[in-house]
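Shown next: start03.cif, given as mmCIF, C-alpha atoms.
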data_query
loop_
_atom_site.label_atom_id
_atom_site.label_comp_id
_atom_site.auth_asym_id
_atom_site.auth_seq_id
_atom_site.Cartn_x
_atom_site.Cartn_y
_atom_site.Cartn_z
CA MET A 1 -22.54 13.97 -34.92
CA SER A 2 -24.29 11.15 -36.79
CA ALA A 3 -24.30 7.52 -35.72
CA THR A 4 -21.91 6.83 -38.59
CA ASP A 5 -19.45 9.42 -37.28
CA ASP A 6 -19.59 7.74 -33.90
CA LEU A 7 -18.67 4.37 -35.40
CA LEU A 8 -16.55 4.99 -38.50
CA VAL A 9 -13.88 7.47 -39.48
CA GLU A 10 -12.59 8.18 -42.99
CA ALA A 11 -8.85 8.32 -43.64
CA GLU A 12 -8.62 12.05 -44.32
CA ARG A 13 -10.52 12.97 -41.19
CA LEU A 14 -8.39 10.62 -39.10
CA ALA A 15 -5.24 12.24 -40.51
CA ALA A 16 -6.49 15.62 -39.34
CA GLU A 17 -7.28 14.24 -35.89
CA LEU A 18 -3.79 12.76 -35.61
CA ASP A 19 -2.34 16.25 -36.06
CA ALA A 20 -4.18 17.47 -32.96
CA ILE A 21 -2.50 18.04 -29.61
CA ASP A 22 -4.07 14.92 -28.08
CA PRO A 23 -4.76 12.52 -30.97
CA PRO A 24 -6.77 9.31 -30.72
CA THR A 25 -5.01 6.09 -29.79
CA LEU A 26 -4.40 3.91 -32.84
CA LEU A 27 -4.61 0.12 -32.73
CA ASP A 28 -3.44 -1.95 -35.69
CA VAL A 29 -5.33 -5.25 -35.52
CA ARG A 30 -4.46 -6.74 -38.90
CA TRP A 31 -5.19 -10.46 -38.90
CA ARG A 32 -5.80 -13.40 -41.21
CA LEU A 33 -7.77 -16.55 -40.56
CA ALA A 34 -4.98 -18.38 -42.37
CA GLY A 35 -1.62 -17.15 -43.56
CA PRO A 36 1.19 -14.97 -42.18
CA PRO A 37 0.52 -13.21 -38.86
CA GLY A 38 -0.74 -9.64 -39.02
CA ARG A 39 2.27 -8.47 -37.05
CA ASP A 40 4.39 -9.10 -40.16
CA ASP A 41 2.26 -6.58 -42.08
CA TYR A 42 2.55 -4.12 -39.21
CA ARG A 43 6.35 -4.30 -39.29
CA LYS A 44 6.37 -3.55 -43.02
CA GLY A 45 4.36 -0.38 -42.49
CA HIS A 46 1.64 1.01 -40.25
CA LEU A 47 -0.12 4.26 -39.41
CA PRO A 48 2.29 6.53 -37.53
CA GLY A 49 1.94 5.98 -33.81
CA ALA A 50 -0.19 2.84 -34.09
CA ALA A 51 0.40 -0.02 -31.66
CA TYR A 52 -0.13 -3.58 -32.82
CA VAL A 53 -2.68 -5.67 -30.92
CA ASP A 54 -3.07 -9.36 -31.76
CA LEU A 55 -6.64 -10.53 -32.25
CA ASP A 56 -5.97 -14.14 -31.32
CA THR A 57 -3.93 -13.62 -28.15
CA ALA A 58 -4.99 -10.20 -26.82
CA LEU A 59 -8.57 -9.58 -27.94
CA CYS A 60 -9.86 -13.15 -27.66
CA GLY A 61 -9.47 -16.05 -25.27
CA ALA A 62 -7.74 -19.30 -26.12
CA PRO A 63 -9.62 -21.57 -28.54
CA GLY A 64 -11.44 -24.51 -27.02
CA PRO A 65 -14.95 -25.67 -26.12
CA ALA A 66 -16.09 -22.02 -25.89
CA GLY A 67 -15.22 -21.53 -29.56
CA ARG A 68 -12.28 -20.55 -31.72
CA HIS A 69 -12.43 -16.88 -30.67
CA PRO A 70 -14.12 -16.76 -27.26
CA LEU A 71 -14.33 -13.78 -24.94
CA PRO A 72 -10.97 -12.71 -23.50
CA ASP A 73 -10.12 -12.87 -19.84
CA PRO A 74 -10.94 -9.34 -18.59
CA ALA A 75 -7.69 -8.93 -16.66
CA GLU A 76 -5.59 -10.08 -19.61
CA LEU A 77 -7.51 -7.84 -21.98
CA GLU A 78 -7.03 -4.87 -19.67
CA ALA A 79 -3.28 -5.50 -19.52
CA ALA A 80 -3.03 -5.74 -23.32
CA LEU A 81 -5.04 -2.58 -23.89
CA ARG A 82 -3.03 -0.64 -21.33
CA ALA A 83 0.21 -1.82 -22.94
CA ALA A 84 -1.13 -0.48 -26.25
CA GLY A 85 -1.77 2.92 -24.66
CA VAL A 86 -5.55 2.81 -24.29
CA ARG A 87 -6.64 5.42 -21.76
CA ALA A 88 -9.92 5.67 -19.90
CA GLY A 89 -12.37 7.80 -21.88
CA HIS A 90 -9.84 8.64 -24.59
CA PRO A 91 -10.78 8.02 -28.24
CA VAL A 92 -9.48 4.88 -29.95
CA VAL A 93 -9.39 4.09 -33.66
CA VAL A 94 -8.91 0.51 -34.83
CA TYR A 95 -7.94 -0.62 -38.31
CA ASP A 96 -7.08 -3.79 -40.19
CA GLY A 97 -5.98 -4.90 -43.65
CA GLY A 98 -9.13 -3.63 -45.32
CA ASP A 99 -11.86 -6.25 -44.99
CA GLY A 100 -12.97 -4.71 -41.71
CA MET A 101 -13.48 -8.02 -39.90
CA SER A 102 -10.74 -8.03 -37.28
CA ALA A 103 -11.15 -4.29 -36.78
CA ALA A 104 -14.85 -4.83 -36.16
CA ARG A 105 -14.11 -7.54 -33.61
CA ALA A 106 -11.66 -5.14 -31.93
CA TRP A 107 -14.33 -2.41 -32.00
CA TRP A 108 -16.84 -4.81 -30.49
CA THR A 109 -14.43 -6.08 -27.83
CA LEU A 110 -13.51 -2.59 -26.63
CA ARG A 111 -17.16 -1.56 -26.47
CA TRP A 112 -18.10 -4.79 -24.71
CA ALA A 113 -15.31 -3.97 -22.25
CA GLY A 114 -16.93 -0.61 -21.48
CA HIS A 115 -14.75 1.64 -23.65
CA ARG A 116 -17.32 3.47 -25.73
CA SER A 117 -15.10 5.95 -27.58
CA VAL A 118 -13.84 3.64 -30.33
CA ARG A 119 -14.23 3.92 -34.10
CA LEU A 120 -13.18 1.86 -37.07
CA LEU A 121 -11.05 3.31 -39.88
CA HIS A 122 -13.40 2.85 -42.82
CA GLY A 123 -11.56 0.85 -45.46
CA GLY A 124 -8.66 0.07 -43.15
CA PHE A 125 -4.98 0.35 -44.05
CA PRO A 126 -5.65 0.34 -47.84
CA ALA A 127 -7.89 3.40 -47.51
CA TRP A 128 -5.11 5.19 -45.64
CA THR A 129 -2.46 4.44 -48.27
CA ALA A 130 -4.86 5.13 -51.16
CA ALA A 131 -5.29 8.63 -49.75
CA GLY A 132 -1.51 9.14 -49.97
CA LEU A 133 -1.14 9.44 -46.20
CA PRO A 134 2.13 8.66 -44.41
CA VAL A 135 3.17 5.20 -43.28
CA SER A 136 5.80 4.38 -40.67
CA ILE A 137 8.01 1.37 -39.99
CA ASP A 138 9.21 2.76 -36.66
CA PRO A 139 7.98 1.16 -33.43
CA PRO A 140 5.88 3.76 -31.61
CA VAL A 141 6.69 5.09 -28.17
CA VAL A 142 3.56 4.09 -26.29
CA ALA A 143 2.74 5.54 -22.89
CA GLN A 144 1.09 3.03 -20.57
CA GLY A 145 -2.68 3.39 -20.60
CA ASP A 146 -5.05 3.31 -17.66
CA VAL A 147 -8.24 1.86 -19.16
CA THR A 148 -10.36 -0.31 -16.87
CA VAL A 149 -12.15 -3.24 -18.47
CA ARG A 150 -15.77 -3.53 -17.36
CA PRO A 151 -17.28 -6.47 -19.27
CA GLY A 152 -20.88 -6.53 -20.39
CA ALA A 153 -21.42 -3.15 -22.05
CA LEU A 154 -22.64 -4.90 -25.23
CA PRO A 155 -25.08 -7.83 -25.22
CA VAL A 156 -23.75 -11.37 -25.63
CA LEU A 157 -25.64 -14.57 -26.37
CA ASP A 158 -24.86 -18.04 -25.12
CA ALA A 159 -26.04 -21.16 -26.95
CA ALA A 160 -29.40 -21.27 -25.15
CA ASP A 161 -30.06 -17.61 -25.94
CA ALA A 162 -29.19 -18.21 -29.60
CA ALA A 163 -31.54 -21.19 -29.79
CA ARG A 164 -34.43 -19.20 -28.29
CA LEU A 165 -33.87 -16.29 -30.64
CA ALA A 166 -33.74 -18.54 -33.68
CA ALA A 167 -36.84 -20.41 -32.55
CA GLY A 168 -38.94 -17.28 -32.84
CA ASP A 169 -38.09 -14.92 -30.01
CA GLY A 170 -36.33 -12.65 -32.53
CA VAL A 171 -33.99 -12.89 -35.51
CA LEU A 172 -30.71 -14.79 -35.42
CA ILE A 173 -28.58 -13.98 -38.48
CA ASP A 174 -25.98 -16.42 -39.77
CA VAL A 175 -23.53 -14.32 -41.79
CA ARG A 176 -21.48 -17.17 -43.26
CA ALA A 177 -21.48 -17.95 -46.97
CA ALA A 178 -24.64 -19.68 -48.16
CA PRO A 179 -23.01 -23.09 -48.85
CA ARG A 180 -21.74 -23.23 -45.27
CA TYR A 181 -25.13 -22.20 -43.94
CA ARG A 182 -26.86 -24.90 -46.01
CA GLY A 183 -24.37 -27.51 -44.84
CA GLU A 184 -22.96 -28.17 -48.30
CA HIS A 185 -19.44 -27.10 -47.39
CA GLU A 186 -17.62 -26.64 -44.09
CA PRO A 187 -13.89 -25.87 -44.40
CA ILE A 188 -13.12 -25.25 -40.72
CA ASP A 189 -15.51 -26.72 -38.16
CA PRO A 190 -16.22 -30.45 -37.72
CA VAL A 191 -19.96 -30.25 -38.44
CA ALA A 192 -21.72 -28.54 -41.35
CA GLY A 193 -25.04 -26.73 -41.19
CA HIS A 194 -26.64 -23.97 -39.16
CA ILE A 195 -28.58 -23.28 -35.97
CA PRO A 196 -32.20 -24.30 -36.58
CA GLY A 197 -34.32 -21.23 -37.29
CA ALA A 198 -31.40 -18.92 -38.10
CA VAL A 199 -31.65 -16.85 -41.27
CA ASN A 200 -28.78 -16.39 -43.69
CA LEU A 201 -27.36 -13.01 -44.72
CA PRO A 202 -23.81 -13.53 -46.00
CA ALA A 203 -21.44 -10.72 -45.09
CA PRO A 204 -20.89 -9.51 -48.70
CA GLU A 205 -24.56 -8.56 -48.81
CA TYR A 206 -24.05 -5.74 -46.28
CA VAL A 207 -20.35 -4.86 -46.58
CA THR A 208 -18.06 -4.68 -49.62
CA GLU A 209 -14.30 -4.89 -49.13
CA GLY A 210 -14.61 -3.45 -45.66
CA ARG A 211 -16.84 -0.54 -46.64
CA PHE A 212 -20.47 -0.20 -45.59
CA PRO A 213 -23.28 1.16 -47.75
CA THR A 214 -25.65 3.90 -46.66
CA VAL A 215 -27.72 3.59 -43.51
CA GLU A 216 -30.85 3.24 -45.65
CA ALA A 217 -29.32 0.39 -47.67
CA LEU A 218 -28.27 -1.40 -44.49
CA ARG A 219 -31.75 -1.10 -43.04
CA ASP A 220 -33.25 -2.53 -46.23
CA ARG A 221 -30.87 -5.47 -46.28
CA PHE A 222 -31.52 -6.38 -42.67
CA ALA A 223 -35.26 -5.88 -43.10
CA ALA A 224 -35.16 -8.44 -45.91
CA VAL A 225 -34.26 -11.13 -43.36
CA GLY A 226 -36.82 -10.02 -40.81
CA VAL A 227 -35.02 -7.33 -38.81
CA THR A 228 -37.92 -4.96 -38.36
CA GLY A 229 -39.45 -3.11 -35.44
CA GLU A 230 -37.91 -3.82 -32.06
CA ALA A 231 -37.73 -7.63 -32.14
CA PRO A 232 -34.41 -8.83 -30.70
CA VAL A 233 -31.65 -9.43 -33.23
CA ALA A 234 -28.26 -11.11 -33.02
CA ALA A 235 -25.57 -12.44 -35.33
CA TYR A 236 -23.22 -15.39 -35.48
CA CYS A 237 -20.64 -16.76 -37.90
CA GLY A 238 -17.93 -19.39 -37.59
CA SER A 239 -16.14 -18.01 -34.55
CA GLY A 240 -17.52 -14.55 -33.78
CA VAL A 241 -15.28 -12.36 -35.95
CA THR A 242 -17.35 -11.77 -39.09
CA ALA A 243 -20.45 -11.63 -36.89
CA ALA A 244 -18.92 -8.74 -34.93
CA GLN A 245 -18.82 -6.87 -38.23
CA ALA A 246 -22.52 -7.65 -38.65
CA VAL A 247 -23.19 -6.19 -35.21
CA LEU A 248 -21.34 -3.04 -36.27
CA ALA A 249 -23.49 -2.91 -39.42
CA LEU A 250 -26.60 -3.28 -37.28
CA HIS A 251 -25.41 -0.41 -35.08
CA LEU A 252 -25.01 1.69 -38.22
CA ALA A 253 -28.57 0.73 -39.16
CA GLY A 254 -29.82 1.95 -35.79
CA ARG A 255 -29.88 -1.33 -33.88
CA ALA A 256 -27.46 -0.63 -31.04
CA ASP A 257 -29.15 -3.44 -29.10
CA ALA A 258 -27.87 -6.12 -31.51
CA ALA A 259 -26.23 -9.03 -29.72
CA LEU A 260 -23.28 -11.22 -30.67
CA TYR A 261 -23.15 -14.97 -30.23
CA VAL A 262 -19.44 -14.88 -29.55
CA GLY A 263 -18.81 -18.61 -29.64
CA SER A 264 -20.81 -18.86 -32.88
CA TRP A 265 -20.83 -22.08 -34.89
CA SER A 266 -17.51 -23.29 -33.43
CA HIS A 267 -19.12 -23.24 -29.98
CA TRP A 268 -22.51 -24.57 -31.10
CA VAL A 269 -21.06 -27.76 -32.61
CA ALA A 270 -18.77 -28.40 -29.63
CA ASP A 271 -21.81 -30.01 -27.98
CA PRO A 272 -23.06 -32.96 -30.07
CA ASP A 273 -26.48 -32.73 -28.42
CA ARG A 274 -27.22 -29.35 -29.99
CA PRO A 275 -29.43 -29.66 -33.08
CA VAL A 276 -28.08 -28.87 -36.54
CA ALA A 277 -30.14 -27.84 -39.55
CA THR A 278 -29.14 -28.10 -43.20
CA GLY A 279 -30.68 -26.89 -46.40
CA PRO A 280 -32.30 -23.56 -47.27
CA GLU A 281 -33.60 -20.93 -44.91
CA PRO A 282 -36.70 -21.63 -42.79
CA ASP A 283 -40.08 -20.68 -44.22
CA ARG A 284 -41.29 -17.74 -42.14
CA SER A 285 -44.32 -16.97 -44.28
CA ASP A 286 -46.67 -17.87 -41.44
CA ALA A 287 -44.63 -16.12 -38.72
#

Written as structure tokens, how would this file's structure read?
Amino acid sequence: MSATDDLLVEAERLAAELDAIDPPTLLDVRWRLAGPPGRDDYRKGHLPGAAYVDLDTALCGAPGPAGRHPLPDPAELEAALRAAGVRAGHPVVVYDGGDGMSAARAWWTLRWAGHRSVRLLHGGFPAWTAAGLPVSIDPPVVAQGDVTVRPGALPVLDAADAARLAAGDGVLIDVRAAPRYRGEHEPIDPVAGHIPGAVNLPAPEYVTEGRFPTVEALRDRFAAVGVTGEAPVAAYCGSGVTAAQAVLALHLAGRADAALYVGSWSHWVADPDRPVATGPEPDRSDA
């Protein structure tokens, strides 16, 4: 099995797995940063047997000084996952509305919680329907799961760690759009700019409509911003959702050690004493 097979699953293969005697557990994590709740989409149609799990209330903590999508309380996460039927050691597949962001954060959260057997449906719900596969509007009968949340299975950065990495201890990737990185435009958070020393690689440069390019292409794109050798690497965004997708892309590229700054920019700017940079990327020609 390749690293890609361990992380992603295509719609047709998932359909075959769902016909097995003991199919994987399906989690529908459709979500929007703004707009109608993902649960509305779920009610209109979902993969047969999928349980809905809310990103904001189940997979993340309450917004506040720790960021807009901080780490969840382990006990609350465990209860939500068990209610959705997640069993210890049993495969899970997560999917979203197609951009892959909330599914990637769900993937990251489950792996951070110690549940390794989790994959993302490549292309999400649109890929499933485009393949002509069945959709259900019926609420699933979900047997209570028994998963145990053991936090810390994936690396996490705090603000001090992020600052050190950006200052030269490794590569800190800001995956927001370039105008937000440069401080020209900030639609959500109260301060515009980026963490000093961070490099910019906007998400569309390594993922297109929720689909990832080849492993070789991913490696080239990350190498272009300095991700080479074994130097530490981490990602951040506005609140740790898009950056979780970057961590998944780094895993696909062979960097399973990639860390996530979960609080991301929303946490960084919560402290007015933290420095903010604006303008283009730092000159690393002498690094």

- Item | Output of the PyMOL selection byres ((chain A and resi 45-55) around 9), listed as a PyMOL selection string | chain A and resi 18+25-31+37-39+41-44+56-60+69+80-81+83-85+102-103+105-106+125+128+133-142

- Quick one: apply the PyMOL selection byres ((chain A and resi 229) around 12) to the file and drop the selected residues here as a PyMOL selection string. chain A and resi 170-171+219+222-223+226-228+230-233+254-255

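CA of Leu154 in chain A is positioned 9.9 Å from CA of Arg116 in chain A.
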
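Taking CA of Ala153 in chain A and CA of Ile195 in chain A as endpoints, the distance between them is 25.5 Å.
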
- Message: Evaluated on this file, the PyMOL selection byres ((chain A and resi 245) around 12) picks out some residues - which ones are they, written as a ChimeraX atom specification?
- Response: /A:7,99-109,120,175-176,202-204,206-212,234-237,240-244,246-252,258-260,262

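Neighbouring residues of Val9 in chain A at 12 Å or closer, counting all atoms listed in the file and skipping chain neighbours under 6 positions away, are Met1, Ser2, Ala3, Ala15, Ala16, Glu17, Pro24, Pro91, Val92, Val93, Val94, Tyr95, Val118, Arg119, Leu120, Leu121, His122, Gly123, Gly124, Ala127, Trp128, Arg211 and Phe212 of chain A.
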
- Name the residues within 8 Å of (-15.3, -6.1, -24.5), counting only C-alpha atoms in the file's coordinates, and put them as a VMD selection string. chain A and resid 71 to 72 108 to 115 149 to 154

- For CA of Asp273 in chain A and CA of Pro179 in chain A, the interatomic separation in Å (one decimal): 22.9 Å

- A:Arg274, A:Pro70, A:Thr129, A:Asp22 ranked by distance to Ser239 in chain A, top pick (using all atoms listed in the file): A:Pro70

- Message: Let me make sure I understand: among A:Gly35, A:Pro23, A:Pro275, A:Leu14, which one has the smallest atom-to-atom distance to Ala160 in chain A if we use all atoms listed in the file?
- Response: A:Pro275

Have range 156-182 of chain A completed to N, CA and C atoms, please, and pass it along as a PDB file, in the frame of the given file.
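Listed below is the output, result38.pdb:
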ATOM      1  N   VAL A 156     -24.366 -10.129 -25.178  1.00  0.00           N
ATOM      2  CA  VAL A 156     -23.750 -11.370 -25.630  1.00  0.00           C
ATOM      3  C   VAL A 156     -24.758 -12.504 -25.477  1.00  0.00           C
ATOM      4  N   LEU A 157     -24.795 -13.395 -26.460  1.00  0.00           N
ATOM      5  CA  LEU A 157     -25.640 -14.570 -26.370  1.00  0.00           C
ATOM      6  C   LEU A 157     -24.822 -15.801 -26.020  1.00  0.00           C
ATOM      7  N   ASP A 158     -25.423 -16.703 -25.233  1.00  0.00           N
ATOM      8  CA  ASP A 158     -24.860 -18.040 -25.120  1.00  0.00           C
ATOM      9  C   ASP A 158     -25.672 -18.952 -26.038  1.00  0.00           C
ATOM     10  N   ALA A 159     -25.382 -20.249 -26.021  1.00  0.00           N
ATOM     11  CA  ALA A 159     -26.040 -21.160 -26.950  1.00  0.00           C
ATOM     12  C   ALA A 159     -27.549 -21.212 -26.715  1.00  0.00           C
ATOM     13  N   ALA A 160     -27.967 -21.219 -25.446  1.00  0.00           N
ATOM     14  CA  ALA A 160     -29.400 -21.270 -25.150  1.00  0.00           C
ATOM     15  C   ALA A 160     -30.106 -20.016 -25.632  1.00  0.00           C
ATOM     16  N   ASP A 161     -29.470 -18.869 -25.451  1.00  0.00           N
ATOM     17  CA  ASP A 161     -30.060 -17.610 -25.940  1.00  0.00           C
ATOM     18  C   ASP A 161     -30.201 -17.654 -27.460  1.00  0.00           C
ATOM     19  N   ALA A 162     -29.156 -18.144 -28.142  1.00  0.00           N
ATOM     20  CA  ALA A 162     -29.190 -18.210 -29.600  1.00  0.00           C
ATOM     21  C   ALA A 162     -30.310 -19.120 -30.079  1.00  0.00           C
ATOM     22  N   ALA A 163     -30.481 -20.244 -29.402  1.00  0.00           N
ATOM     23  CA  ALA A 163     -31.540 -21.190 -29.790  1.00  0.00           C
ATOM     24  C   ALA A 163     -32.915 -20.555 -29.626  1.00  0.00           C
ATOM     25  N   ARG A 164     -33.125 -19.839 -28.523  1.00  0.00           N
ATOM     26  CA  ARG A 164     -34.430 -19.200 -28.290  1.00  0.00           C
ATOM     27  C   ARG A 164     -34.713 -18.126 -29.344  1.00  0.00           C
ATOM     28  N   LEU A 165     -33.683 -17.352 -29.653  1.00  0.00           N
ATOM     29  CA  LEU A 165     -33.870 -16.290 -30.640  1.00  0.00           C
ATOM     30  C   LEU A 165     -34.227 -16.890 -31.998  1.00  0.00           C
ATOM     31  N   ALA A 166     -33.497 -17.910 -32.387  1.00  0.00           N
ATOM     32  CA  ALA A 166     -33.740 -18.540 -33.680  1.00  0.00           C
ATOM     33  C   ALA A 166     -35.098 -19.229 -33.735  1.00  0.00           C
ATOM     34  N   ALA A 167     -35.566 -19.695 -32.592  1.00  0.00           N
ATOM     35  CA  ALA A 167     -36.840 -20.410 -32.550  1.00  0.00           C
ATOM     36  C   ALA A 167     -38.048 -19.496 -32.679  1.00  0.00           C
ATOM     37  N   GLY A 168     -37.824 -18.183 -32.646  1.00  0.00           N
ATOM     38  CA  GLY A 168     -38.940 -17.280 -32.840  1.00  0.00           C
ATOM     39  C   GLY A 168     -39.010 -16.106 -31.901  1.00  0.00           C
ATOM     40  N   ASP A 169     -38.093 -16.051 -30.938  1.00  0.00           N
ATOM     41  CA  ASP A 169     -38.090 -14.920 -30.010  1.00  0.00           C
ATOM     42  C   ASP A 169     -37.499 -13.654 -30.640  1.00  0.00           C
ATOM     43  N   GLY A 170     -36.945 -13.783 -31.835  1.00  0.00           N
ATOM     44  CA  GLY A 170     -36.330 -12.650 -32.530  1.00  0.00           C
ATOM     45  C   GLY A 170     -35.754 -13.127 -33.841  1.00  0.00           C
ATOM     46  N   VAL A 171     -34.658 -12.519 -34.258  1.00  0.00           N
ATOM     47  CA  VAL A 171     -33.990 -12.890 -35.510  1.00  0.00           C
ATOM     48  C   VAL A 171     -32.535 -13.198 -35.209  1.00  0.00           C
ATOM     49  N   LEU A 172     -32.111 -14.403 -35.548  1.00  0.00           N
ATOM     50  CA  LEU A 172     -30.710 -14.790 -35.420  1.00  0.00           C
ATOM     51  C   LEU A 172     -30.139 -14.893 -36.832  1.00  0.00           C
ATOM     52  N   ILE A 173     -29.143 -14.052 -37.132  1.00  0.00           N
ATOM     53  CA  ILE A 173     -28.580 -13.980 -38.480  1.00  0.00           C
ATOM     54  C   ILE A 173     -27.268 -14.750 -38.535  1.00  0.00           C
ATOM     55  N   ASP A 174     -27.206 -15.694 -39.461  1.00  0.00           N
ATOM     56  CA  ASP A 174     -25.980 -16.420 -39.770  1.00  0.00           C
ATOM     57  C   ASP A 174     -25.341 -15.704 -40.961  1.00  0.00           C
ATOM     58  N   VAL A 175     -24.138 -15.152 -40.746  1.00  0.00           N
ATOM     59  CA  VAL A 175     -23.530 -14.320 -41.790  1.00  0.00           C
ATOM     60  C   VAL A 175     -22.471 -15.068 -42.598  1.00  0.00           C
ATOM     61  N   ARG A 176     -22.406 -16.388 -42.446  1.00  0.00           N
ATOM     62  CA  ARG A 176     -21.480 -17.170 -43.260  1.00  0.00           C
ATOM     63  C   ARG A 176     -21.978 -17.294 -44.693  1.00  0.00           C
ATOM     64  N   ALA A 177     -21.095 -17.737 -45.575  1.00  0.00           N
ATOM     65  CA  ALA A 177     -21.480 -17.950 -46.970  1.00  0.00           C
ATOM     66  C   ALA A 177     -22.601 -18.976 -47.041  1.00  0.00           C
ATOM     67  N   ALA A 178     -23.459 -18.830 -48.045  1.00  0.00           N
ATOM     68  CA  ALA A 178     -24.640 -19.680 -48.160  1.00  0.00           C
ATOM     69  C   ALA A 178     -24.330 -21.170 -48.183  1.00  0.00           C
ATOM     70  N   PRO A 179     -23.293 -21.643 -48.882  1.00  0.00           N
ATOM     71  CA  PRO A 179     -23.010 -23.090 -48.850  1.00  0.00           C
ATOM     72  C   PRO A 179     -22.681 -23.616 -47.457  1.00  0.00           C
ATOM     73  N   ARG A 180     -22.016 -22.810 -46.644  1.00  0.00           N
ATOM     74  CA  ARG A 180     -21.740 -23.230 -45.270  1.00  0.00           C
ATOM     75  C   ARG A 180     -23.037 -23.250 -44.468  1.00  0.00           C
ATOM     76  N   TYR A 181     -23.847 -22.243 -44.631  1.00  0.00           N
ATOM     77  CA  TYR A 181     -25.130 -22.200 -43.940  1.00  0.00           C
ATOM     78  C   TYR A 181     -25.976 -23.425 -44.288  1.00  0.00           C
ATOM     79  N   ARG A 182     -26.031 -23.775 -45.567  1.00  0.00           N
ATOM     80  CA  ARG A 182     -26.860 -24.900 -46.010  1.00  0.00           C
ATOM     81  C   ARG A 182     -26.255 -26.253 -45.656  1.00  0.00           C
TER      82      ARG A 182
END
